[in-house]
file entry17.txt (compact mmCIF, N, CA and C atoms and all ligand atoms)
# COMPACT_ATOMS: atom_id res chain seq x y z
N MET A 1 265.81 273.43 106.87
CA MET A 1 265.60 272.44 105.82
C MET A 1 266.86 272.26 104.99
N GLY A 2 266.74 271.63 103.87
CA GLY A 2 267.90 271.41 103.03
C GLY A 2 268.76 270.26 103.51
N ILE A 3 268.22 269.50 104.42
CA ILE A 3 268.99 268.34 104.90
C ILE A 3 268.78 267.18 103.94
N LYS A 4 269.88 266.62 103.53
CA LYS A 4 269.76 265.50 102.61
C LYS A 4 269.40 264.23 103.35
N GLU A 5 268.61 263.45 102.69
CA GLU A 5 268.24 262.18 103.27
C GLU A 5 269.39 261.21 103.23
N LYS A 6 269.35 260.30 104.14
CA LYS A 6 270.37 259.26 104.13
C LYS A 6 269.79 257.96 103.61
N CYS A 7 270.64 257.22 102.96
CA CYS A 7 270.24 255.92 102.44
C CYS A 7 269.95 254.98 103.61
N ALA A 8 268.87 254.22 103.48
CA ALA A 8 268.47 253.32 104.56
C ALA A 8 269.43 252.15 104.69
N ILE A 9 270.23 251.89 103.69
CA ILE A 9 271.14 250.75 103.74
C ILE A 9 272.56 251.17 104.08
N CYS A 10 273.13 252.08 103.30
CA CYS A 10 274.54 252.42 103.51
C CYS A 10 274.73 253.72 104.29
N SER A 11 273.63 254.42 104.57
CA SER A 11 273.67 255.65 105.35
C SER A 11 274.41 256.80 104.67
N GLU A 12 274.66 256.66 103.41
CA GLU A 12 275.28 257.77 102.69
C GLU A 12 274.22 258.77 102.29
N LYS A 13 274.65 260.00 102.11
CA LYS A 13 273.70 261.02 101.69
C LYS A 13 273.21 260.73 100.29
N ILE A 14 271.94 260.98 100.10
CA ILE A 14 271.33 260.64 98.83
C ILE A 14 271.24 261.86 97.93
N ASP A 15 271.80 261.74 96.75
CA ASP A 15 271.65 262.81 95.76
C ASP A 15 270.37 262.61 94.99
N LEU A 16 270.21 261.41 94.53
CA LEU A 16 269.03 261.05 93.78
C LEU A 16 268.37 259.91 94.54
N ARG A 17 267.22 260.18 95.11
CA ARG A 17 266.67 259.15 95.97
C ARG A 17 265.74 258.20 95.24
N TYR A 18 265.80 256.98 95.68
CA TYR A 18 264.97 255.93 95.11
C TYR A 18 264.09 255.36 96.20
N ASN A 19 262.87 255.06 95.84
CA ASN A 19 261.98 254.43 96.80
C ASN A 19 262.07 252.93 96.68
N PRO A 20 262.31 252.26 97.78
CA PRO A 20 262.39 250.80 97.75
C PRO A 20 261.02 250.18 97.48
N MET A 21 261.03 249.02 96.89
CA MET A 21 259.79 248.29 96.67
C MET A 21 259.24 247.85 98.03
N GLU A 22 257.93 247.78 98.09
CA GLU A 22 257.31 247.39 99.35
C GLU A 22 257.78 246.04 99.84
N GLU A 23 257.94 245.12 98.91
CA GLU A 23 258.29 243.75 99.30
C GLU A 23 259.72 243.62 99.83
N TRP A 24 260.51 244.70 99.70
CA TRP A 24 261.86 244.63 100.24
C TRP A 24 261.88 244.87 101.74
N GLY A 25 260.79 245.40 102.27
CA GLY A 25 260.71 245.62 103.71
C GLY A 25 261.67 246.66 104.22
N ILE A 26 261.98 247.65 103.39
CA ILE A 26 262.93 248.69 103.78
C ILE A 26 262.17 249.97 104.11
N ASP A 27 262.51 250.55 105.24
CA ASP A 27 261.87 251.78 105.66
C ASP A 27 262.81 252.94 105.36
N GLY A 28 262.43 253.77 104.43
CA GLY A 28 263.27 254.90 104.08
C GLY A 28 263.59 254.92 102.60
N SER A 29 264.53 255.76 102.24
CA SER A 29 264.90 255.90 100.84
C SER A 29 266.26 255.28 100.58
N LEU A 30 266.52 254.99 99.33
CA LEU A 30 267.78 254.36 98.96
C LEU A 30 268.55 255.24 97.99
N CYS A 31 269.88 255.12 98.05
CA CYS A 31 270.70 255.75 97.03
C CYS A 31 270.68 254.85 95.80
N GLY A 32 271.14 255.39 94.69
CA GLY A 32 271.08 254.63 93.45
C GLY A 32 271.88 253.35 93.51
N LYS A 33 272.98 253.40 94.25
CA LYS A 33 273.87 252.24 94.34
C LYS A 33 273.15 251.07 95.02
N CYS A 34 272.56 251.36 96.17
CA CYS A 34 271.88 250.31 96.92
C CYS A 34 270.60 249.87 96.22
N TYR A 35 269.98 250.81 95.55
CA TYR A 35 268.76 250.47 94.83
C TYR A 35 269.04 249.44 93.75
N SER A 36 270.07 249.70 92.96
CA SER A 36 270.35 248.75 91.88
C SER A 36 270.88 247.43 92.45
N LYS A 37 271.53 247.51 93.60
CA LYS A 37 271.99 246.28 94.24
C LYS A 37 270.79 245.43 94.64
N LYS A 38 269.80 246.09 95.21
CA LYS A 38 268.59 245.40 95.64
C LYS A 38 267.83 244.83 94.45
N ILE A 39 267.79 245.62 93.40
CA ILE A 39 267.10 245.14 92.19
C ILE A 39 267.75 243.84 91.74
N ASN A 40 269.07 243.82 91.75
CA ASN A 40 269.77 242.61 91.32
C ASN A 40 269.55 241.44 92.25
N GLU A 41 269.44 241.73 93.55
CA GLU A 41 269.20 240.67 94.52
C GLU A 41 267.82 240.06 94.33
N HIS A 42 266.87 240.92 94.15
CA HIS A 42 265.49 240.44 94.11
C HIS A 42 265.06 239.99 92.72
N TYR A 43 265.64 240.61 91.73
CA TYR A 43 265.24 240.26 90.38
C TYR A 43 266.47 239.98 89.54
N PRO A 44 267.18 238.91 89.87
CA PRO A 44 268.42 238.63 89.14
C PRO A 44 268.17 238.43 87.66
N GLY A 45 269.06 238.99 86.87
CA GLY A 45 268.94 238.83 85.43
C GLY A 45 268.20 239.98 84.78
N ASP A 46 267.17 240.43 85.43
CA ASP A 46 266.39 241.52 84.87
C ASP A 46 266.67 242.80 85.62
N HIS A 47 266.68 243.90 84.91
CA HIS A 47 266.85 245.17 85.58
C HIS A 47 265.58 245.51 86.35
N ILE A 48 264.52 245.47 85.66
CA ILE A 48 263.23 245.76 86.27
C ILE A 48 262.21 244.83 85.66
N ARG A 49 261.27 244.43 86.49
CA ARG A 49 260.27 243.52 85.97
C ARG A 49 259.31 244.26 85.06
N VAL A 50 259.61 244.23 83.82
CA VAL A 50 258.70 244.85 82.87
C VAL A 50 257.73 243.78 82.41
N ASN A 51 258.30 242.67 82.03
CA ASN A 51 257.47 241.53 81.65
C ASN A 51 257.62 240.42 82.70
N LYS A 52 256.57 239.83 83.02
CA LYS A 52 256.65 238.71 83.95
C LYS A 52 256.80 237.43 83.14
N HIS A 53 257.85 236.71 83.47
CA HIS A 53 258.04 235.43 82.80
C HIS A 53 257.57 234.33 83.74
N LEU A 54 256.41 233.89 83.53
CA LEU A 54 255.86 232.83 84.38
C LEU A 54 255.74 231.55 83.57
N ASP A 55 256.28 230.51 84.16
CA ASP A 55 256.17 229.20 83.50
C ASP A 55 254.94 228.47 84.03
ZN ZN B 101 272.98 253.33 99.80
call {"tool": "encode", "arguments": {"input": "entry17.txt", "output": "C-alpha cells", "more": "lines below"}}
Ligand SMILES: [Zn+2]
result
Amino acid sequence: MGIKEKCAICSEKIDLRYNPMEEWGIDGSLCGKCYSKKINEHYPGDHIRVNKHLD
C-alpha cells in the first residue's frame, strides 16, 4: 500500500485528492490544479456554485 493516486487528467501524483463532479464525466480523482481548472471551465466566474443564479 502507500501508493499515491494519480490525477485522472494530468497523471501527476496526488497529494490532496479531489473528487470530480459527476457531470464532468471523469473517472478517478483529480489533483488540486486540475480540479480548479475544471471548476473554472464548468462554472466560469464562480469558484463553486453556492448560490444558483437563475434568470
Ligand atoms: Zn491533475
call {"tool": "closest_residue", "arguments": {"input": "entry17.txt", "among": "A:Ser11, A:Lys6, A:Glu23, A:Tyr18", "to": "Tyr35 (chain A)", "atoms": "all atoms listed in the file"}}
result
A:Tyr18
call {"tool": "residues_near_ligand", "arguments": {"input": "entry17.txt", "ligand": "ligand ZN 101 (chain B)", "cutoff": "5 Å", "atoms": "all atoms listed in the file", "output": "list in words"}}
result
Cys7, Ile9, Cys10, Ser11, Cys31 and Cys34 of chain A
call {"tool": "closest_residue", "arguments": {"input": "entry17.txt", "among": "A:Gly45, A:Lys38, A:Glu12, A:Glu5", "to": "Gly25 (chain A)", "atoms": "only C-alpha atoms"}}
result
A:Lys38
call {"tool": "atom_distance", "arguments": {"input": "entry17.txt", "atom1": "atom C of Lys13 (chain A)", "atom2": "CA of Pro44 (chain A)"}}
result
25.2 Å
call {"tool": "axis_aligned_box", "arguments": {"input": "entry17.txt", "around": "region 19-34 of chain A", "padding_each_side": "4 Å", "output": "lines of an AutoDock Vina configuration file"}}
result
center_x = 265.6
center_y = 249.8
center_z = 99.6
size_x = 24.6
size_y = 20.3
size_z = 20.2
call {"tool": "atom_distance", "arguments": {"input": "entry17.txt", "atom1": "CA of Asn40 (chain A)", "atom2": "atom N of Leu16 (chain A)"}}
result
19.1 Å
